[in-house]
Number of protein chains: 8
Amino acid sequence: MALNVYLSGEIHTDWREQIVTGAEGLDVTFSGPVTDHAASDDCGVAILGEEPNKYWHDHKGAKVNAIRTRLGIEKADVVVVRFGEKYKQWNAAFDAGYASALGKSLIVLSMPEHQHALKEVHAAALATAEEPEQVVQILRYVLNGSLPG
Amino acid sequence: MALNVYLSGEIHTDWREQIVTGAEGLDVTFSGPVTDHAASDDCGVAILGEEPNKYWHDHKGAKVNAIRTRLGIEKADVVVVRFGEKYKQWNAAFDAGYASALGKSLIVLSMPEHQHALKEVHAAALATAEEPEQVVQILRYVLNGSLPG
Amino acid sequence: MALNVYLSGEIHTDWREQIVTGAEGLDVTFSGPVTDHAASDDCGVAILGEEPNKYWHDHKGAKVNAIRTRLGIEKADVVVVRFGEKYKQWNAAFDAGYASALGKSLIVLSMPEHQHALKEVHAAALATAEEPEQVVQILRYVLNGSLPG
Amino acid sequence: MALNVYLSGEIHTDWREQIVTGAEGLDVTFSGPVTDHAASDDCGVAILGEEPNKYWHDHKGAKVNAIRTRLGIEKADVVVVRFGEKYKQWNAAFDAGYASALGKSLIVLSMPEHQHALKEVHAAALATAEEPEQVVQILRYVLNGSLPG
Amino acid sequence: MALNVYLSGEIHTDWREQIVTGAEGLDVTFSGPVTDHAASDDCGVAILGEEPNKYWHDHKGAKVNAIRTRLGIEKADVVVVRFGEKYKQWNAAFDAGYASALGKSLIVLSMPEHQHALKEVHAAALATAEEPEQVVQILRYVLNGSLPG
Amino acid sequence: MALNVYLSGEIHTDWREQIVTGAEGLDVTFSGPVTDHAASDDCGVAILGEEPNKYWHDHKGAKVNAIRTRLGIEKADVVVVRFGEKYKQWNAAFDAGYASALGKSLIVLSMPEHQHALKEVHAAALATAEEPEQVVQILRYVLNGSLPG
Amino acid sequence: MALNVYLSGEIHTDWREQIVTGAEGLDVTFSGPVTDHAASDDCGVAILGEEPNKYWHDHKGAKVNAIRTRLGIEKADVVVVRFGEKYKQWNAAFDAGYASALGKSLIVLSMPEHQHALKEVHAAALATAEEPEQVVQILRYVLNGSLPG
Amino acid sequence: MALNVYLSGEIHTDWREQIVTGAEGLDVTFSGPVTDHAASDDCGVAILGEEPNKYWHDHKGAKVNAIRTRLGIEKADVVVVRFGEKYKQWNAAFDAGYASALGKSLIVLSMPEHQHALKEVHAAALATAEEPEQVVQILRYVLNGSLPG
């Protein structure tokens, strides 16, 4: 058994690296969004031409990014969505809903203080973790049946 | 042609009433979540038994609510998602993602200050409006072909 | 909003009647298997001809019953599966799995002593209840937003 | 032609090993649940934190296991479900229903004394066998067209 | 519960009328192909223009008929396919395969002398009957739970 | 049997009226795009706000129109696509491709001089007609089995 | 581009070998049913136990064969169905209907004298050929764009 | 992450070569229609026999081509549709609609003078480009996150 895992959400900490490093040796292929914030914001106009209006600037970029994010989610067996400390993070919740409607196994990585606000997202998940290491442990268990400790 | 419209998101203002009232006479059937905040929070434990742990209190409730919200979205032709001024509103974004993955026509009702944070959600929508009256105008146009003014 | 509810599982107590009676006045349409045990066992051979071998006797009947049960589950919005005190009840668990794979909202009605044996089925459900009255309360809440008491 | 085969159900005898060994040389990839009973029961709390309530202890574990079992069934071409001598085995019947709704080819491995109780499950299967060796013979025939003896 | 039943196959005897008459009083809606043989053969050229080549004459007609037959099968809950005494009847077997792939409940109405030739079709069916009255009895049982006699 | 028929394509002649009038008395429900050319072009900006850039002016309108056109096609049993004398008519061909991928019965209404340019569209259709009256005849035949003349 | 091609139907001539040999060098993977007539007829009872009744003898075998044939068709990009000179060949027509409902590209290999009887099957096909060599030419053209001669 | 990209539409300029060459080194597999105009027009009759009527000549060819084009689109992650200067190009718009209904990421390559005529197609696309190099830049960004310049 091999797993395709999509890592969605927060892009300001190294949680993706922690999971990828922790999962070394497991038969997992990771994907995720472009995490270079500036590139992600400007990809639409950089390639397809400037837009004076910020709405369309963002719109063009969000659509180009959607080529990658939708594909990543659709090809994933497991979607991990991380909610960080700051920002609205509506794209993370959007991805969680998108993944859920496609029947993907959803793992949410979130902080205790967000528990109530995330209750609908948690209810759609197969696991709610607080630390990246827990995600690694889940992936290892799912693939090999081995538990930590 | 008749439309099933699901009204998702913010529950603290009367935007749903404005749309329902504005759409009187149109062949539209509206649905939406339970908007009584206390009932929505406590439905799980009120029916299925108390939980000392807040996580499971919320979990039970979120799952009972999911019976209604998933069904409403799945039966809808058009899903309107309203992002209000306050709170995390991750359930609104989750619903938008869920609706989008099911191929529903998505209309987002949002405020200009949230434009950048909502760019991925807007990119998945067929219309981005700021006022409930605009949603009514869209529904009227879609059904009858008539424009305002 | 109207609900199609399929009532699967145990056929030796009056739990279906309790739910149907309790839900009077709600916009719910109920369906379920043929609950006449003898008819259900013998329908295949009674219509399509005797079988000396018990396996084929049962097989013919199970297939005729499947016309009704599959259709009922496929048309349902909510599938309630009741596990009673006695027997193997594998058809109940089969229906739960079938409903789950189709994305139906699953409510399990079970007894505390079966909790561990049903953990995989419970994990796929949106609610785990012990009494038919709780199912009625869920249906009422889902349709009207009103809680008991 | 290659086959993905998921081996669901009873975990207390060596029937999986018999099939895997018997199928050596055939183009078959096997998968199945975690068969370490203790690990399977405790995986949820071992990774995601203790739960004083046995229901949630089991719930957390069943959901983590579901990441593996659902994926295994969804990727399978053939699902073999074994019903053993003891226990309720509702998860086995659940998997059979789940596989059936997804249109998987279902092979049931069961004992004559369970024939009547399994009639609905048998009716959904393409083969009902009593011995692991028969499953191997089916796989060999399906792949190579060769019959035993 | 109501049933949509599509009656496919042989058009030279009154088996459809027998079933429709026998099912009077049951909540069943019947559909089927155009059974006027000449109209069915010539509909394409009668409406869309003559074809000197018999292949295209037939092709045009078969496609116009497909508008009706595909729709009828897709909307059906139960598809009854009757194999009569004469002719190749490949369209009947084609309909059976088409219905089977869509997951419809298939009932085959056939003669004992065709048993071996129809074994693949029978294997995909939930019931194999010889007389139209048996189909009526199945429909009555599926809807009402009542058996003949 | 009843039919939902979507009438896509050319909006400058009265072909839709001819079909609707011709089909009076048949159990057909017709839908189609907004055929008021000015309203169709301007609906986006009229409701959602002006755009100085023609691309976004058109984009907003096309998306609002898509709410209606996608829904109409998705709910249709039969999609009729009319290619007229003038203009690029790429939206008509787009609708034909969209309908075809959804498995809808496609009827093309086109002129002989466009035969070669439409060969891929014709190849996906179940009928190619030149006159609206022929479409009426097909609908009548599909519903009633009666041929013209 | 690579093609999975399923070769269904007649098993008494060497048409499969002609196609496989003719397609050497093309990126095609072929599959098909078990073509050993005796093995195909007896596989059910040989593996799963004797049946005194011919119907169940055939039934068991047809279901075991269905594991292979359904899988082969579901994994195929192109399904070729050959109708030979003799026999009812309802399984061939059944496969054609099954493949058609799954949206597979269907190529029919048939004889001129069967043209009228096969008109519904031909109408669902993307090509009607008389000789295996024509099927090879189609596969070569689809993969490489090169035509014969 | 790897991408399957289908290049649909105009066949008279070297835009496909520009994209394929520009994307060298990226993990992209390209497919597309047969671009030899004469072969594409005549493939049906060259393989399956002459047709005196131009409609059927074209029909046979369009269906053989459909084996390749439908498969290419269905297997693609991204579908690029190029609208050139001349001709009706209804097959390009048909492919865009077909890809859109399947949920493929659509990139349109078109000229400014066609903007209004393509507004419905653009509205379904995730990017609208004018130059092949922009398509290459999108593919590179989607795969590697790197922007031009």
# chains A, B, ... in the order shown; residues from 1 in each chain; ligands from 1
call {"tool": "interface_residues", "arguments": {"of": "chain B", "to": "chain H", "cutoff": "10 Å", "atoms": "only C-alpha atoms", "output": "ChimeraX atom specification"}}
result
/B:101,103,123-124,126
call {"tool": "residues_around", "arguments": {"residues": "segment 63-80 of chain C", "least_positions_apart": "6", "cutoff": "6 Å", "atoms": "only C-alpha atoms", "output": "number ranges by chain"}}
result
C: 4-8, 33, 104-108; D: 123; E: 105, 126, 142
call {"tool": "write_last_selection", "arguments": {"atoms": "C-alpha atoms", "output": "JSON list (two decimals), in the first residue's frame"}}
result
[["chain", "number", "residue", "atom", "x", "y", "z"],
["C", 4, "ASN", "CA", -36.60, 9.98, 3.04],
["C", 5, "VAL", "CA", -35.62, 7.68, 5.89],
["C", 6, "TYR", "CA", -34.83, 4.00, 5.51],
["C", 7, "LEU", "CA", -35.22, 1.87, 8.64],
["C", 8, "SER", "CA", -32.87, -1.12, 8.44],
["C", 33, "PRO", "CA", -37.38, -4.09, 4.38],
["C", 104, "LYS", "CA", -25.96, 8.48, 3.15],
["C", 105, "SER", "CA", -26.36, 10.02, 6.59],
["C", 106, "LEU", "CA", -26.20, 7.03, 8.91],
["C", 107, "ILE", "CA", -27.85, 6.82, 12.35],
["C", 108, "VAL", "CA", -27.13, 3.72, 14.41],
["D", 123, "ALA", "CA", -26.51, -12.73, -2.44],
["E", 105, "SER", "CA", -32.27, -4.23, -10.40],
["E", 126, "LEU", "CA", -31.81, -10.45, -9.14],
["E", 142, "VAL", "CA", -41.31, -5.67, -3.38]]
call {"tool": "atom_distance", "arguments": {"atom1": "atom CA of Lys88 of chain G", "atom2": "atom CA of Glu131 of chain E"}}
result
21.0 Å
call {"tool": "select_by_dssp", "arguments": {"residues": "chain H", "states": "helix (DSSP H, G or I)", "output": "MDAnalysis selection string"}}
result
chainID H and resid 15:22 37:48 54:75 90:101 112:114 119:123 132:144
call {"tool": "write_last_selection", "arguments": {"atoms": "C-alpha atoms", "output": "CSV table (one decimal), in the first residue's frame"}}
result
chain,number,residue,atom,x,y,z
H,15,TRP,CA,1.6,25.9,-31.3
H,16,ARG,CA,1.7,22.3,-30.0
H,17,GLU,CA,5.4,22.0,-30.9
H,18,GLN,CA,6.1,25.4,-29.1
H,19,ILE,CA,4.4,24.1,-26.0
H,20,VAL,CA,6.0,20.7,-26.1
H,21,THR,CA,9.5,22.2,-26.7
H,22,GLY,CA,9.0,24.9,-24.1
H,37,HIS,CA,-5.7,16.9,-41.7
H,38,ALA,CA,-6.1,14.5,-44.6
H,39,ALA,CA,-5.7,11.4,-42.4
H,40,SER,CA,-8.1,12.8,-39.8
H,41,ASP,CA,-10.7,13.5,-42.5
H,42,ASP,CA,-10.4,10.1,-44.2
H,43,CYS,CA,-9.6,7.7,-41.4
H,44,GLY,CA,-13.1,6.3,-41.3
H,45,VAL,CA,-13.5,5.4,-44.9
H,46,ALA,CA,-9.9,4.3,-45.3
H,47,ILE,CA,-10.3,1.7,-42.7
H,48,LEU,CA,-14.0,0.8,-42.7
H,54,LYS,CA,-20.2,13.0,-47.6
H,55,TYR,CA,-22.2,13.1,-44.3
H,56,TRP,CA,-21.4,9.4,-43.6
H,57,HIS,CA,-17.9,9.7,-44.9
H,58,ASP,CA,-17.3,12.4,-42.3
H,59,HIS,CA,-19.4,10.6,-39.7
H,60,LYS,CA,-17.3,7.4,-39.9
H,61,GLY,CA,-14.1,9.4,-39.5
H,62,ALA,CA,-15.3,11.6,-36.7
H,63,LYS,CA,-16.2,8.5,-34.7
H,64,VAL,CA,-12.9,6.9,-35.2
H,65,ASN,CA,-11.2,10.1,-34.2
H,66,ALA,CA,-13.5,10.3,-31.1
H,67,ILE,CA,-11.8,7.1,-29.8
H,68,ARG,CA,-8.6,9.1,-29.5
H,69,THR,CA,-9.9,12.5,-28.5
H,70,ARG,CA,-12.3,11.4,-25.8
H,71,LEU,CA,-9.7,9.1,-24.3
H,72,GLY,CA,-7.1,11.9,-24.4
H,73,ILE,CA,-9.4,14.3,-22.7
H,74,GLU,CA,-10.6,11.8,-20.1
H,75,LYS,CA,-7.1,10.9,-19.1
H,90,TRP,CA,-16.6,23.9,-33.4
H,91,ASN,CA,-14.7,20.8,-32.5
H,92,ALA,CA,-12.4,23.0,-30.3
H,93,ALA,CA,-15.4,24.5,-28.5
H,94,PHE,CA,-17.0,21.0,-28.2
H,95,ASP,CA,-13.8,19.7,-26.6
H,96,ALA,CA,-13.8,22.6,-24.2
H,97,GLY,CA,-17.4,21.9,-23.1
H,98,TYR,CA,-16.6,18.2,-22.8
H,99,ALA,CA,-13.5,18.8,-20.7
H,100,SER,CA,-15.4,21.3,-18.6
H,101,ALA,CA,-18.2,18.9,-17.8
H,112,PRO,CA,-8.1,39.2,-28.4
H,113,GLU,CA,-10.5,39.6,-31.4
H,114,HIS,CA,-12.3,36.5,-30.3
H,119,LYS,CA,-16.8,34.6,-23.3
H,120,GLU,CA,-18.7,31.4,-22.2
H,121,VAL,CA,-15.7,29.3,-22.9
H,122,HIS,CA,-13.4,31.7,-21.1
H,123,ALA,CA,-15.8,31.7,-18.1
H,132,PRO,CA,1.9,29.2,-26.2
H,133,GLU,CA,4.7,30.5,-24.0
H,134,GLN,CA,2.2,31.5,-21.4
H,135,VAL,CA,0.8,28.0,-21.3
H,136,VAL,CA,4.4,26.7,-20.7
H,137,GLN,CA,4.8,29.2,-17.9
H,138,ILE,CA,1.5,28.0,-16.3
H,139,LEU,CA,2.6,24.4,-16.5
H,140,ARG,CA,6.0,25.2,-15.1
H,141,TYR,CA,4.4,27.2,-12.2
H,142,VAL,CA,1.9,24.5,-11.5
H,143,LEU,CA,4.6,21.9,-11.3
H,144,ASN,CA,7.5,23.8,-9.8
call {"tool": "atom_distance", "arguments": {"atom1": "atom CA of Glu85 of chain G", "atom2": "atom CA of Asp14 of chain G"}}
result
13.3 Å
